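What's in work06.txt: compact mmCIF, C-alpha atoms
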```txt
# COMPACT_ATOMS: atom_id res chain seq x y z
CA GLY N 1 -14.55 0.49 12.15
CA ASN N 2 -13.77 0.93 8.50
CA SER N 3 -12.87 -2.14 6.49
CA VAL N 4 -12.31 -3.41 2.95
CA THR N 5 -13.17 -6.90 1.74
CA GLN N 6 -11.75 -8.26 -1.50
CA MET N 7 -12.40 -11.52 -3.26
CA GLU N 8 -9.76 -14.09 -2.53
CA GLY N 9 -7.40 -15.17 -5.24
CA PRO N 10 -5.65 -16.31 -7.09
CA VAL N 11 -7.62 -15.50 -10.18
CA THR N 12 -6.37 -17.25 -13.30
CA LEU N 13 -7.59 -16.11 -16.71
CA SER N 14 -6.68 -16.62 -20.32
CA GLU N 15 -5.47 -13.66 -22.32
CA GLU N 16 -8.33 -11.48 -23.63
CA ALA N 17 -10.76 -12.74 -20.97
CA PHE N 18 -12.98 -10.38 -18.99
CA LEU N 19 -11.83 -9.54 -15.48
CA THR N 20 -13.82 -8.67 -12.39
CA ILE N 21 -12.29 -8.38 -8.94
CA ASN N 22 -14.86 -7.67 -6.28
CA CYS N 23 -14.34 -5.13 -3.53
CA THR N 24 -16.80 -4.04 -0.87
CA TYR N 25 -16.24 -1.65 1.98
CA THR N 26 -17.59 -0.54 5.31
CA ALA N 27 -17.07 3.07 6.24
CA THR N 28 -18.66 6.02 7.90
CA GLY N 29 -19.06 9.16 5.90
CA TYR N 30 -17.88 9.38 2.33
CA PRO N 31 -14.53 7.70 1.82
CA SER N 32 -12.33 7.90 -1.25
CA LEU N 33 -11.73 4.56 -2.93
CA PHE N 34 -8.63 3.31 -4.69
CA TRP N 35 -7.25 0.39 -6.61
CA TYR N 36 -3.52 -0.17 -6.37
CA VAL N 37 -1.52 -2.72 -8.37
CA GLN N 38 1.68 -4.46 -7.27
CA TYR N 39 3.83 -6.09 -9.93
CA PRO N 40 6.32 -8.75 -8.84
CA GLY N 41 9.21 -7.28 -6.88
CA GLU N 42 7.80 -3.77 -6.95
CA GLY N 43 5.91 -1.40 -4.71
CA LEU N 44 2.25 -0.52 -4.99
CA GLN N 45 1.19 1.79 -7.80
CA LEU N 46 -2.04 3.70 -7.97
CA LEU N 47 -4.19 2.23 -10.72
CA LEU N 48 -7.34 4.33 -10.35
CA LYS N 49 -9.43 6.18 -7.82
CA ALA N 50 -12.87 7.62 -7.16
CA THR N 51 -13.69 10.25 -4.60
CA LYS N 52 -17.49 10.34 -4.56
CA ALA N 53 -20.53 8.22 -5.27
CA ASP N 54 -21.11 7.28 -8.92
CA ASP N 55 -17.61 8.40 -9.90
CA LYS N 56 -15.91 6.05 -12.33
CA GLY N 57 -12.16 5.70 -12.12
CA SER N 58 -10.35 4.39 -15.17
CA ASN N 59 -6.81 3.74 -16.30
CA LYS N 60 -5.05 1.37 -18.70
CA GLY N 61 -8.34 -0.25 -19.67
CA PHE N 62 -9.33 -0.89 -16.04
CA GLU N 63 -12.49 0.65 -14.61
CA ALA N 64 -14.24 0.79 -11.25
CA THR N 65 -17.40 2.64 -10.24
CA TYR N 66 -18.02 3.96 -6.73
CA ARG N 67 -21.37 2.43 -5.76
CA LYS N 68 -22.58 3.83 -2.47
CA GLU N 69 -25.86 1.90 -2.48
CA THR N 70 -24.00 -1.40 -2.58
CA THR N 71 -20.82 -0.12 -0.88
CA SER N 72 -18.77 -1.59 -3.69
CA PHE N 73 -15.88 -0.65 -5.96
CA HIS N 74 -15.40 -3.63 -8.26
CA LEU N 75 -12.47 -3.61 -10.65
CA GLU N 76 -13.15 -4.61 -14.27
CA LYS N 77 -11.22 -4.94 -17.50
CA GLY N 78 -12.69 -6.08 -20.77
CA SER N 79 -9.66 -7.91 -22.14
CA VAL N 80 -6.72 -8.81 -19.92
CA GLN N 81 -3.16 -9.26 -21.07
CA VAL N 82 -0.32 -11.34 -19.70
CA SER N 83 1.28 -8.10 -18.55
CA ASP N 84 -1.68 -7.50 -16.20
CA SER N 85 -0.52 -10.37 -13.99
CA ALA N 86 -0.03 -8.77 -10.58
CA VAL N 87 -1.61 -8.37 -7.16
CA TYR N 88 -4.47 -5.88 -6.96
CA PHE N 89 -5.36 -4.05 -3.74
CA CYS N 90 -8.57 -2.22 -3.02
CA ALA N 91 -8.27 0.56 -0.45
CA LEU N 92 -10.30 3.29 1.13
CA SER N 93 -9.36 6.54 2.74
CA GLU N 94 -11.63 8.41 5.04
CA ALA N 95 -12.90 11.84 4.09
CA SER N 96 -10.22 14.40 3.38
CA GLY N 97 -8.16 15.51 6.35
CA THR N 98 -7.38 12.03 7.60
CA TYR N 99 -4.51 9.91 6.49
CA LYS N 100 -5.08 6.26 6.92
CA TYR N 101 -5.63 3.91 4.06
CA ILE N 102 -7.50 0.74 4.84
CA PHE N 103 -6.27 -1.92 2.44
CA GLY N 104 -7.92 -5.13 1.37
CA THR N 105 -5.90 -8.31 1.50
CA GLY N 106 -5.06 -8.20 -2.19
CA THR N 107 -6.09 -10.42 -5.10
CA ARG N 108 -3.47 -12.13 -7.20
CA LEU N 109 -4.23 -12.21 -10.92
CA LYS N 110 -2.46 -14.57 -13.28
CA VAL N 111 -3.08 -14.22 -16.99
CA LEU N 112 -2.05 -17.09 -19.24
CA ALA N 113 -1.05 -16.67 -22.88
CA ASP K 1 10.46 12.71 -10.69
CA ALA K 2 12.47 9.89 -9.11
CA GLY K 3 9.63 8.66 -6.94
CA VAL K 4 10.01 7.34 -3.41
CA ILE K 5 13.46 5.80 -3.00
CA GLN K 6 14.14 3.05 -0.51
CA SER K 7 17.40 1.39 0.41
CA PRO K 8 18.58 -1.24 0.59
CA ARG K 9 16.33 -3.30 -1.70
CA HIS K 10 17.31 -6.49 0.05
CA GLU K 11 18.73 -7.05 3.51
CA VAL K 12 19.77 -10.32 5.03
CA THR K 13 20.87 -10.30 8.63
CA GLU K 14 21.19 -12.55 11.62
CA MET K 15 18.93 -12.56 14.60
CA GLY K 16 19.99 -9.98 17.19
CA GLN K 17 21.57 -7.60 14.70
CA GLU K 18 20.48 -4.02 14.18
CA VAL K 19 18.78 -3.24 10.87
CA THR K 20 18.24 0.23 9.41
CA LEU K 21 15.96 0.85 6.47
CA ARG K 22 16.04 4.14 4.64
CA CYS K 23 13.55 6.18 2.68
CA LYS K 24 13.68 9.34 0.60
CA PRO K 25 10.17 10.68 -0.10
CA ILE K 26 9.13 12.54 -3.20
CA SER K 27 10.30 16.14 -3.09
CA GLY K 28 7.52 18.41 -1.90
CA HIS K 29 5.61 15.67 -0.13
CA ASN K 30 5.08 16.37 3.55
CA SER K 31 3.61 13.09 4.80
CA LEU K 32 5.49 9.82 5.06
CA PHE K 33 4.30 6.34 5.93
CA TRP K 34 6.06 3.09 6.79
CA TYR K 35 4.25 -0.18 6.03
CA ARG K 36 5.10 -3.83 6.53
CA GLN K 37 3.83 -6.53 4.18
CA THR K 38 3.68 -10.21 5.05
CA MET K 39 1.70 -13.11 3.68
CA MET K 40 -0.02 -13.67 7.00
CA ARG K 41 -0.99 -10.09 7.87
CA GLY K 42 -1.03 -8.29 4.52
CA LEU K 43 -0.18 -4.60 4.53
CA GLU K 44 0.16 -3.02 7.95
CA LEU K 45 0.73 0.67 8.64
CA LEU K 46 3.56 1.00 11.13
CA ILE K 47 3.96 4.75 11.54
CA TYR K 48 2.95 8.01 9.93
CA PHE K 49 4.81 11.34 9.89
CA ASN K 50 3.42 14.71 8.93
CA ASN K 51 5.86 17.59 8.44
CA ASN K 52 8.60 15.39 9.95
CA VAL K 53 6.64 14.83 13.16
CA PRO K 54 5.43 11.33 14.11
CA ILE K 55 1.65 11.51 14.26
CA ASP K 56 0.61 7.92 14.79
CA ASP K 57 2.94 5.08 15.75
CA SER K 58 0.25 2.74 17.03
CA GLY K 59 1.20 0.19 14.40
CA MET K 60 4.79 -0.16 15.55
CA PRO K 61 4.96 -3.73 16.82
CA GLU K 62 7.09 -3.19 19.89
CA ASP K 63 9.96 -1.24 21.35
CA ARG K 64 12.46 -2.95 19.09
CA PHE K 65 11.11 -0.82 16.26
CA SER K 66 11.84 2.89 15.98
CA ALA K 67 11.46 5.44 13.20
CA LYS K 68 12.86 8.90 12.66
CA MET K 69 12.44 11.67 10.16
CA PRO K 70 15.22 14.22 10.78
CA ASN K 71 14.25 16.29 7.74
CA ALA K 72 11.74 16.45 4.93
CA SER K 73 13.84 14.33 2.60
CA PHE K 74 14.88 11.38 4.75
CA SER K 75 13.44 8.82 7.11
CA THR K 76 14.74 5.67 8.77
CA LEU K 77 13.10 2.63 10.27
CA LYS K 78 15.31 0.77 12.71
CA ILE K 79 14.90 -2.66 14.23
CA GLN K 80 17.12 -3.49 17.18
CA PRO K 81 17.50 -6.33 17.93
CA SER K 82 16.06 -8.04 14.89
CA GLU K 83 14.16 -11.33 15.11
CA PRO K 84 13.18 -13.88 12.44
CA ARG K 85 9.52 -12.84 12.73
CA ASP K 86 10.52 -9.39 11.47
CA SER K 87 11.18 -10.89 8.04
CA ALA K 88 8.89 -9.05 5.64
CA VAL K 89 8.84 -6.44 2.89
CA TYR K 90 8.90 -2.92 4.29
CA PHE K 91 7.44 -0.12 2.20
CA CYS K 92 7.74 3.60 2.52
CA ALA K 93 5.10 5.88 0.99
CA SER K 94 4.71 9.62 0.76
CA ARG K 95 1.99 12.09 -0.14
CA VAL K 96 1.02 15.73 -0.05
CA SER K 97 -1.21 16.14 2.98
CA GLY K 98 -4.22 18.38 3.09
CA THR K 99 -5.44 17.60 -0.40
CA ALA K 100 -8.63 15.83 -1.30
CA LYS K 101 -6.73 13.48 -3.59
CA ASN K 102 -4.95 11.80 -0.69
CA ILE K 103 -2.84 9.67 -3.03
CA GLN K 104 0.04 7.79 -1.48
CA TYR K 105 3.08 6.98 -3.61
CA PHE K 106 5.00 3.87 -2.66
CA GLY K 107 8.66 2.97 -2.92
CA ALA K 108 9.84 -0.36 -4.27
CA GLY K 109 10.28 -1.76 -0.78
CA THR K 110 13.03 -3.40 1.24
CA ARG K 111 12.87 -7.17 1.54
CA LEU K 112 14.23 -8.07 4.97
CA SER K 113 15.27 -11.59 5.90
CA VAL K 114 16.31 -12.25 9.48
CA LEU K 115 17.98 -15.61 9.90
```

Would you kindly transcribe this structure into structure tokens?
Amino acid sequence: GNSVTQMEGPVTLSEEAFLTINCTYTATGYPSLFWYVQYPGEGLQLLLKATKADDKGSNKGFEATYRKETTSFHLEKGSVQVSDSAVYFCALSEASGTYKYIFGTGTRLKVLA
Amino acid sequence: DAGVIQSPRHEVTEMGQEVTLRCKPISGHNSLFWYRQTMMRGLELLIYFNNNVPIDDSGMPEDRFSAKMPNASFSTLKIQPSEPRDSAVYFCASRVSGTAKNIQYFGAGTRLSVL
């Protein structure tokens, strides 16, 4: 079945460091891929998405490229801030018409000033 | 847009009591999801409604859990009787079905503690 594998956290970085959170997936067909972010005490918020191979999703300085050849959707940011401290979830959704998200286990990011 | 609204934000109850969690989806959204989040199991989909009809409840843990959606703007998740292992954060999410975007919008969650 479909699955999402994320790197385990926590990830601790200093402010302005480069961030990479790895995400790989297993799926049939052509899923859509998402990154959601969960700040302390809040629900999940969509950070970015990509719906087809080679698409790059971007938002708030974060980027991720849909790589079908490596079945990956790694999240990157060039310079993190303390306010980026949160839990990041990678997720996939099967081709349009279905409903289920498959979530990764989440990666906690802590950014130190 | 007010987003998905869940209530209460926090619930503390004793084992054996009935618990009701509430959700108001985003206006115009016709799909609604209930999730449970725990440290051990991560995010689990409990049940999914489309146009107020339950489509998939295979994630509902057992008969103690039930969910209803009497209209397009309200849903409840009920646990009766509650047990300590039900302690978790419960999220509601909604979306517009039938679109390629398939973006789910989450509420802030209800943190349930069963003592």

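Interatomic distance, CA of Ala72 in chain K to CA of Gly59 in chain K: 21.6 Å.
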
Near chain K, which residues of chain N fall within 12 Å when you count all atoms listed in the file, and what do they look like as a PyMOL selection string? chain N and resi 30-52+87+89-107

Interatomic distance, CA of Ala53 in chain N to CA of His29 in chain K (Å, one decimal): 27.7 Å

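The neighbours of Leu112 in chain N here are the residues that come within 7 Å of it, using all atoms listed in the file and leaving out any residue fewer than 5 positions away in the same chain; they are Leu13, Ser14, Glu15 and Val82 of chain N.
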
Between range 27-94 of chain K and range 12-19 of chain K, at 9 Å or less, what are the per-residue closest atom pairs and their distances in Å? Count all atoms listed in the file, order by chain and rising residue number, and return it as JSON lines.
```
{"residue": "K:Leu77", "atom": "CA", "partner": "K:Val19", "partner_atom": "CA", "distance": 8.2}
{"residue": "K:Lys78", "atom": "CA", "partner": "K:Val19", "partner_atom": "CA", "distance": 5.6}
{"residue": "K:Ile79", "atom": "CA", "partner": "K:Val19", "partner_atom": "CA", "distance": 5.2}
{"residue": "K:Gln80", "atom": "CA", "partner": "K:Glu18", "partner_atom": "CA", "distance": 4.5}
{"residue": "K:Pro81", "atom": "CA", "partner": "K:Gly16", "partner_atom": "CA", "distance": 4.5}
{"residue": "K:Ser82", "atom": "CA", "partner": "K:Gly16", "partner_atom": "CA", "distance": 4.9}
{"residue": "K:Glu83", "atom": "CA", "partner": "K:Met15", "partner_atom": "CA", "distance": 5.0}
{"residue": "K:Pro84", "atom": "CA", "partner": "K:Met15", "partner_atom": "CA", "distance": 6.3}
```

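One distance worth recording is that between CA of Leu115 in chain K and CA of Ala88 in chain K, which is 12.0 Å.
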
Step by step: start from the point (-16.6, -8.4, 2.5) in the file's coordinates, keep every protein, DNA or RNA residue that has an atom no farther than 8 Å from it, count only C-alpha atoms, and write the set as a VMD selection string. chain N and resid 4 to 7 23 to 25

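With distances taken over all atoms listed in the file, N:Thr20 is the one residue among N:Thr26, N:Asn2, N:Thr20, N:Asn59 lying closest to Gly78 in chain N.
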
Using all atoms listed in the file, determine which residues lie at most 12 Å from Gly61 in chain N, disregarding the query and same-chain residues fewer than 2 positions distant; provide the list as an MDAnalysis selection string. chainID N and resid 16 18:19 47:48 57:59 63:64 75:81 84

Please produce an output containing C-alpha atoms for each residue in the selection, written as a PDB file, in the coordinates of the input.
```
ATOM      1  CA  GLU N  16      -8.330 -11.480 -23.630  1.00  0.00           C
ATOM      2  CA  PHE N  18     -12.980 -10.380 -18.990  1.00  0.00           C
ATOM      3  CA  LEU N  19     -11.830  -9.540 -15.480  1.00  0.00           C
ATOM      4  CA  LEU N  47      -4.190   2.230 -10.720  1.00  0.00           C
ATOM      5  CA  LEU N  48      -7.340   4.330 -10.350  1.00  0.00           C
ATOM      6  CA  GLY N  57     -12.160   5.700 -12.120  1.00  0.00           C
ATOM      7  CA  SER N  58     -10.350   4.390 -15.170  1.00  0.00           C
ATOM      8  CA  ASN N  59      -6.810   3.740 -16.300  1.00  0.00           C
ATOM      9  CA  GLU N  63     -12.490   0.650 -14.610  1.00  0.00           C
ATOM     10  CA  ALA N  64     -14.240   0.790 -11.250  1.00  0.00           C
ATOM     11  CA  LEU N  75     -12.470  -3.610 -10.650  1.00  0.00           C
ATOM     12  CA  GLU N  76     -13.150  -4.610 -14.270  1.00  0.00           C
ATOM     13  CA  LYS N  77     -11.220  -4.940 -17.500  1.00  0.00           C
ATOM     14  CA  GLY N  78     -12.690  -6.080 -20.770  1.00  0.00           C
ATOM     15  CA  SER N  79      -9.660  -7.910 -22.140  1.00  0.00           C
ATOM     16  CA  VAL N  80      -6.720  -8.810 -19.920  1.00  0.00           C
ATOM     17  CA  GLN N  81      -3.160  -9.260 -21.070  1.00  0.00           C
ATOM     18  CA  ASP N  84      -1.680  -7.500 -16.200  1.00  0.00           C
TER      19      ASP N  84
END
```

Centre, edges in Å (one decimal): axis-aligned box, range 13-29 of chain N, 4 Å padding on all six sides, as lines of an AutoDock Vina configuration file:
```
center_x = -12.3
center_y = -3.7
center_z = -7.9
size_x = 21.6
size_y = 33.8
size_z = 39.5
```

Using all atoms listed in the file, can you tell me which of N:Thr28, N:Thr65, N:Ser72, N:Ser85 comes closest to Thr12 in chain N? N:Ser85

With distances taken over only C-alpha atoms, the candidate from K:Val53, K:Met60, K:Leu46, K:Val96 nearest Pro25 in chain K is K:Val96

Pick from K:Ser73, K:Arg85, K:Ser94, K:Ile5: nearest to Leu112 in chain K, with all atoms listed in the file counted?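 Using all atoms listed in the file, the shortest distance to Leu112 in chain K belongs to K:Arg85.
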
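Comparing the minimum interatomic distances between Ala27 in chain N and each of N:Arg67, N:Glu8, N:Ser3, N:Asp55, counting all atoms listed in the file, we find that N:Ser3 sits nearest.
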
With distances taken over all atoms listed in the file, which of K:Ser113, K:Ser58, K:Asn52, K:Ser27 is nearest to Thr76 in chain K?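 Of the candidates, the smallest distance to Thr76 in chain K is held by K:Asn52.
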